[in-house]
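> For reference, the file my_file-v4.tsv (TSV, C-alpha atoms and all ligand atoms) is included below:
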```tsv
chain	number	residue	atom	x	y	z
Z	171	MET	CA	-90.52	21.44	-40.49
Z	172	ALA	CA	-87.34	21.55	-42.47
Z	173	THR	CA	-84.58	18.98	-42.57
Z	174	GLU	CA	-81.38	20.74	-41.55
Z	175	ARG	CA	-77.73	19.93	-41.02
Z	176	THR	CA	-75.75	21.15	-38.06
Z	177	PHE	CA	-72.20	20.77	-36.82
Z	178	SER	CA	-71.12	19.09	-33.59
Z	179	ILE	CA	-67.85	18.52	-31.77
Z	180	ILE	CA	-67.36	15.91	-29.06
Z	181	LYS	CA	-64.75	17.77	-27.03
Z	182	PRO	CA	-61.49	16.47	-25.46
Z	183	ASP	CA	-62.99	16.04	-21.98
Z	184	ALA	CA	-65.51	13.58	-23.42
Z	185	THR	CA	-63.09	11.63	-25.65
Z	186	ARG	CA	-60.65	11.37	-22.71
Z	187	ARG	CA	-63.37	9.76	-20.57
Z	188	ASN	CA	-64.37	7.38	-23.42
Z	189	LEU	CA	-67.77	9.04	-23.82
Z	190	THR	CA	-67.88	9.25	-27.64
Z	191	GLY	CA	-70.52	6.51	-27.75
Z	192	ALA	CA	-72.52	7.94	-24.85
Z	193	VAL	CA	-72.70	11.38	-26.49
Z	194	THR	CA	-73.50	9.89	-29.88
Z	195	LYS	CA	-76.32	7.82	-28.38
Z	196	MET	CA	-77.87	10.92	-26.81
Z	197	LEU	CA	-77.69	12.74	-30.15
Z	198	GLU	CA	-79.30	9.80	-31.96
Z	199	ASN	CA	-81.97	9.44	-29.26
Z	200	ALA	CA	-82.81	13.11	-29.89
Z	201	GLY	CA	-83.66	12.25	-33.49
Z	202	LEU	CA	-80.42	13.40	-35.06
Z	203	ARG	CA	-78.70	11.28	-37.72
Z	204	ILE	CA	-74.89	11.34	-37.89
Z	205	VAL	CA	-74.14	11.78	-41.60
Z	206	ALA	CA	-70.40	12.48	-41.15
Z	207	SER	CA	-67.97	11.77	-38.31
Z	208	LYS	CA	-64.22	11.80	-37.82
Z	209	ARG	CA	-61.86	11.72	-34.86
Z	210	ILE	CA	-59.13	14.32	-35.25
Z	211	ARG	CA	-56.65	16.38	-33.31
Z	212	ILE	CA	-57.42	20.07	-33.85
Z	213	THR	CA	-54.37	22.28	-34.42
Z	214	ARG	CA	-53.87	25.54	-32.54
Z	215	HIS	CA	-54.35	27.36	-35.84
Z	216	GLN	CA	-57.68	25.61	-36.44
Z	217	ALA	CA	-58.89	26.27	-32.88
Z	218	GLU	CA	-58.08	29.97	-33.13
Z	219	GLY	CA	-59.84	30.19	-36.50
Z	220	PHE	CA	-62.89	28.22	-35.38
Z	221	TYR	CA	-63.33	30.34	-32.23
Z	222	ALA	CA	-62.26	33.66	-33.83
Z	223	VAL	CA	-65.55	35.25	-32.71
Z	224	HIS	CA	-64.33	34.81	-29.10
Z	225	ARG	CA	-60.85	36.26	-29.71
Z	226	GLU	CA	-61.34	39.15	-27.29
Z	227	ARG	CA	-62.91	37.06	-24.54
Z	228	PRO	CA	-60.85	36.35	-21.39
Z	229	PHE	CA	-61.31	32.59	-21.83
Z	230	PHE	CA	-60.09	32.51	-25.46
Z	231	ALA	CA	-56.52	31.26	-24.84
Z	232	ASP	CA	-57.65	28.63	-22.34
Z	233	LEU	CA	-60.42	27.50	-24.68
Z	234	CYS	CA	-57.98	27.03	-27.58
Z	235	GLY	CA	-55.61	25.19	-25.24
Z	236	PHE	CA	-58.41	22.91	-24.08
Z	237	MET	CA	-59.68	22.17	-27.59
Z	238	THR	CA	-56.18	21.10	-28.67
Z	239	SER	CA	-55.48	19.08	-25.50
Z	240	GLY	CA	-56.74	15.78	-26.91
Z	241	PRO	CA	-58.72	14.19	-29.72
Z	242	VAL	CA	-62.13	15.50	-30.70
Z	243	VAL	CA	-64.84	13.97	-32.86
Z	244	VAL	CA	-66.28	16.36	-35.43
Z	245	GLN	CA	-69.70	15.42	-36.77
Z	246	VAL	CA	-72.42	16.56	-39.12
Z	247	LEU	CA	-75.91	15.93	-37.74
Z	248	GLU	CA	-79.04	15.82	-39.88
Z	249	GLY	CA	-82.69	15.95	-38.92
Z	250	GLU	CA	-85.85	18.01	-38.54
Z	251	ASN	CA	-84.83	21.38	-37.07
Z	252	ALA	CA	-81.40	19.91	-36.41
Z	253	VAL	CA	-79.82	23.18	-35.21
Z	254	ALA	CA	-82.39	23.79	-32.47
Z	255	ARG	CA	-82.79	20.12	-31.62
Z	256	ASN	CA	-79.05	19.74	-31.08
Z	257	ARG	CA	-78.90	22.87	-28.91
Z	258	GLU	CA	-81.75	21.43	-26.85
Z	259	VAL	CA	-80.12	18.06	-26.23
Z	260	MET	CA	-76.73	19.74	-25.52
Z	261	GLY	CA	-78.09	21.88	-22.69
Z	262	ALA	CA	-76.81	25.22	-21.39
Z	263	THR	CA	-73.13	26.18	-21.85
Z	264	ASN	CA	-72.55	25.91	-18.12
Z	265	PRO	CA	-73.49	22.37	-17.02
Z	266	ALA	CA	-74.57	23.81	-13.67
Z	267	ASN	CA	-77.39	25.60	-15.52
Z	268	ALA	CA	-78.26	22.77	-17.91
Z	269	ASP	CA	-81.57	20.90	-17.73
Z	270	ALA	CA	-81.70	17.33	-16.50
Z	271	GLY	CA	-81.31	14.80	-19.30
Z	272	THR	CA	-79.13	17.04	-21.46
Z	273	ILE	CA	-75.63	16.01	-22.52
Z	274	ARG	CA	-73.97	18.76	-20.52
Z	275	LYS	CA	-75.98	18.09	-17.36
Z	276	GLU	CA	-75.31	14.37	-17.51
Z	277	LEU	CA	-71.72	14.34	-18.80
Z	278	ALA	CA	-69.93	17.72	-18.78
Z	279	GLU	CA	-67.21	18.65	-16.29
Z	280	SER	CA	-67.26	22.47	-16.32
Z	281	ILE	CA	-68.23	25.56	-18.34
Z	282	GLU	CA	-65.08	25.10	-20.45
Z	283	ALA	CA	-64.89	21.29	-20.49
Z	284	ASN	CA	-68.55	21.05	-21.46
Z	285	SER	CA	-68.27	17.92	-23.66
Z	286	VAL	CA	-69.94	19.20	-26.84
Z	287	HIS	CA	-70.07	22.08	-29.29
Z	288	GLY	CA	-73.11	22.73	-31.46
Z	289	SER	CA	-73.75	25.39	-34.11
Z	290	ASP	CA	-75.98	28.23	-32.93
Z	291	SER	CA	-77.58	29.02	-36.31
Z	292	LEU	CA	-78.13	27.45	-39.71
Z	293	GLU	CA	-75.73	29.96	-41.25
Z	294	ASN	CA	-72.96	29.16	-38.76
Z	295	ALA	CA	-73.66	25.45	-39.20
Z	296	ALA	CA	-72.86	25.70	-42.91
Z	297	THR	CA	-69.65	27.63	-42.19
Z	298	GLU	CA	-68.54	25.22	-39.46
Z	299	ILE	CA	-69.33	22.11	-41.53
Z	300	ALA	CA	-67.24	23.51	-44.39
Z	301	PHE	CA	-64.41	24.25	-41.92
Z	302	PHE	CA	-63.93	20.53	-41.21
Z	303	PHE	CA	-65.59	18.51	-43.98
Z	304	LYS	CA	-65.38	18.15	-47.75
Z	305	PRO	CA	-68.81	17.65	-49.38
Z	306	GLU	CA	-67.96	14.05	-50.32
Z	307	GLU	CA	-67.28	13.18	-46.67
Z	308	ILE	CA	-70.94	13.82	-45.81
Z	309	VAL	CA	-73.17	10.89	-46.67
Z	310	GLY	CA	-76.84	11.40	-45.82
Z	401	LIG	P1	-69.72	28.71	-27.98
Z	401	LIG	O1	-69.20	29.43	-29.18
Z	401	LIG	O2	-70.99	29.24	-27.43
Z	401	LIG	O3	-69.71	27.20	-28.13
Z	401	LIG	O4	-68.67	29.00	-26.80
Z	401	LIG	C1	-67.42	28.53	-26.91
Z	401	LIG	C2	-67.01	27.68	-25.78
Z	401	LIG	O5	-66.23	28.49	-24.93
Z	401	LIG	C3	-68.06	27.09	-24.85
Z	401	LIG	O6	-68.70	25.95	-25.35
Z	401	LIG	C4	-67.21	26.76	-23.66
Z	401	LIG	O7	-66.43	25.58	-23.86
Z	401	LIG	C5	-66.27	27.96	-23.64
Z	401	LIG	N1	-66.76	29.03	-22.76
Z	401	LIG	C6	-67.83	29.82	-22.94
Z	401	LIG	N2	-67.98	30.69	-21.93
Z	401	LIG	C7	-66.96	30.43	-21.08
Z	401	LIG	C8	-66.53	30.99	-19.84
Z	401	LIG	N3	-67.19	31.99	-19.27
Z	401	LIG	N4	-65.43	30.48	-19.27
Z	401	LIG	C9	-64.74	29.48	-19.85
Z	401	LIG	N5	-65.09	28.92	-21.03
Z	401	LIG	C10	-66.18	29.38	-21.63
```
What is this file in structure tokens?

Amino acid sequence: MATERTFSIIKPDATRRNLTGAVTKMLENAGLRIVASKRIRITRHQAEGFYAVHRERPFFADLCGFMTSGPVVVQVLEGENAVARNREVMGATNPANADAGTIRKELAESIEANSVHGSDSLENAATEIAFFFKPEEIVG
């Protein structure tokens, strides 16, 4: 199995409820190592760029509004099969469909306010990491 890096966001619904530690603990318990982390406020411009693939979707404007509504914590996670492992511990997009024990089942509020983002492929992980981090900010 390969050691990979993936990208995670602890979303505004989770930071608002003081769940940064709770989410982080679930990531670490899943075998993921946090090799970069910063709390930031995403700009509208950044949100629209990050979610550009969803530009035509009906929820795009709301999603960008939500992601800029409060602080987020952007993170780089490292571990064996990190992309898949993170997706597993995150759970389904809609918390109503997420498995018990996943972050979204245990913590998320709704399909939009679903507490975490995680890259869906190794290729997107690299792009998303580069969107928010300089190489020297990642310390493995
Ligand atoms: P993804 O690129 O898969 O992370 O999707 C982007 C985000 O858009 C999801 O994590 C949700 O926060 C939000 N989202 C996805 N589908 C919907 C939907 N049907 N209604 C509202 N928000 C959604």
> Is there a way to get, as a PyMOL selection string, all residues within 9 Å of the point (-74.5, 11.7, -34.6) in file coordinates, counting all atoms listed in the file?
chain Z and resi 178+193-198+202-207+245-248
> What do you get as a PDB file with C-alpha atoms, in the coordinates of the input if you pick all residues at most 12 Å from ligand LIG 401 (chain Z), counting only C-alpha atoms and all ligand atoms?

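Okay, this is what ended up in pocket-v6.pdb:
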```pdb
ATOM      1  CA  PHE Z 177     -72.200  20.770 -36.820  1.00  0.00           C
ATOM      2  CA  SER Z 178     -71.120  19.090 -33.590  1.00  0.00           C
ATOM      3  CA  ILE Z 179     -67.850  18.520 -31.770  1.00  0.00           C
ATOM      4  CA  ILE Z 180     -67.360  15.910 -29.060  1.00  0.00           C
ATOM      5  CA  LYS Z 181     -64.750  17.770 -27.030  1.00  0.00           C
ATOM      6  CA  PRO Z 182     -61.490  16.470 -25.460  1.00  0.00           C
ATOM      7  CA  ASP Z 183     -62.990  16.040 -21.980  1.00  0.00           C
ATOM      8  CA  ALA Z 217     -58.890  26.270 -32.880  1.00  0.00           C
ATOM      9  CA  GLU Z 218     -58.080  29.970 -33.130  1.00  0.00           C
ATOM     10  CA  GLY Z 219     -59.840  30.190 -36.500  1.00  0.00           C
ATOM     11  CA  PHE Z 220     -62.890  28.220 -35.380  1.00  0.00           C
ATOM     12  CA  TYR Z 221     -63.330  30.340 -32.230  1.00  0.00           C
ATOM     13  CA  ALA Z 222     -62.260  33.660 -33.830  1.00  0.00           C
ATOM     14  CA  VAL Z 223     -65.550  35.250 -32.710  1.00  0.00           C
ATOM     15  CA  HIS Z 224     -64.330  34.810 -29.100  1.00  0.00           C
ATOM     16  CA  ARG Z 225     -60.850  36.260 -29.710  1.00  0.00           C
ATOM     17  CA  GLU Z 226     -61.340  39.150 -27.290  1.00  0.00           C
ATOM     18  CA  ARG Z 227     -62.910  37.060 -24.540  1.00  0.00           C
ATOM     19  CA  PRO Z 228     -60.850  36.350 -21.390  1.00  0.00           C
ATOM     20  CA  PHE Z 229     -61.310  32.590 -21.830  1.00  0.00           C
ATOM     21  CA  PHE Z 230     -60.090  32.510 -25.460  1.00  0.00           C
ATOM     22  CA  ALA Z 231     -56.520  31.260 -24.840  1.00  0.00           C
ATOM     23  CA  ASP Z 232     -57.650  28.630 -22.340  1.00  0.00           C
ATOM     24  CA  LEU Z 233     -60.420  27.500 -24.680  1.00  0.00           C
ATOM     25  CA  CYS Z 234     -57.980  27.030 -27.580  1.00  0.00           C
ATOM     26  CA  GLY Z 235     -55.610  25.190 -25.240  1.00  0.00           C
ATOM     27  CA  PHE Z 236     -58.410  22.910 -24.080  1.00  0.00           C
ATOM     28  CA  MET Z 237     -59.680  22.170 -27.590  1.00  0.00           C
ATOM     29  CA  ARG Z 257     -78.900  22.870 -28.910  1.00  0.00           C
ATOM     30  CA  MET Z 260     -76.730  19.740 -25.520  1.00  0.00           C
ATOM     31  CA  GLY Z 261     -78.090  21.880 -22.690  1.00  0.00           C
ATOM     32  CA  ALA Z 262     -76.810  25.220 -21.390  1.00  0.00           C
ATOM     33  CA  THR Z 263     -73.130  26.180 -21.850  1.00  0.00           C
ATOM     34  CA  ASN Z 264     -72.550  25.910 -18.120  1.00  0.00           C
ATOM     35  CA  PRO Z 265     -73.490  22.370 -17.020  1.00  0.00           C
ATOM     36  CA  ARG Z 274     -73.970  18.760 -20.520  1.00  0.00           C
ATOM     37  CA  ALA Z 278     -69.930  17.720 -18.780  1.00  0.00           C
ATOM     38  CA  GLU Z 279     -67.210  18.650 -16.290  1.00  0.00           C
ATOM     39  CA  SER Z 280     -67.260  22.470 -16.320  1.00  0.00           C
ATOM     40  CA  ILE Z 281     -68.230  25.560 -18.340  1.00  0.00           C
ATOM     41  CA  GLU Z 282     -65.080  25.100 -20.450  1.00  0.00           C
ATOM     42  CA  ALA Z 283     -64.890  21.290 -20.490  1.00  0.00           C
ATOM     43  CA  ASN Z 284     -68.550  21.050 -21.460  1.00  0.00           C
ATOM     44  CA  SER Z 285     -68.270  17.920 -23.660  1.00  0.00           C
ATOM     45  CA  VAL Z 286     -69.940  19.200 -26.840  1.00  0.00           C
ATOM     46  CA  HIS Z 287     -70.070  22.080 -29.290  1.00  0.00           C
ATOM     47  CA  GLY Z 288     -73.110  22.730 -31.460  1.00  0.00           C
ATOM     48  CA  SER Z 289     -73.750  25.390 -34.110  1.00  0.00           C
ATOM     49  CA  ASP Z 290     -75.980  28.230 -32.930  1.00  0.00           C
ATOM     50  CA  SER Z 291     -77.580  29.020 -36.310  1.00  0.00           C
ATOM     51  CA  ASN Z 294     -72.960  29.160 -38.760  1.00  0.00           C
ATOM     52  CA  ALA Z 295     -73.660  25.450 -39.200  1.00  0.00           C
ATOM     53  CA  GLU Z 298     -68.540  25.220 -39.460  1.00  0.00           C
TER      54      GLU Z 298
END
```
> Do you have the atom CA of Z:Val259-atom CA of Z:Arg187 distance handy?
19.5 Å
> How far is it from atom CA of Z:Lys275 to atom CA of Z:Arg186, in Å with one decimal?
17.6 Å
> Could you tell me how far atom CA of Z:Leu277 lies from atom CA of Z:Ala192, in Å and to one decimal?
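Going from atom CA of Z:Leu277 over to atom CA of Z:Ala192 covers 8.8 Å.
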> Of the residues Z:Asn199, Z:Thr238, Z:Gln216, Z:Asn188, which is the one nearest to Z:Phe302, using only C-alpha atoms?
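Among the listed residues, Z:Gln216 lies closest to Z:Phe302.
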> Quick one: residues within 7 Å of (-79.3, 18.8, -41.8) (file frame), counting only C-alpha atoms, please, as JSON, numbers by chain.
{"Z": [173, 174, 175, 176, 247, 248, 249, 252]}
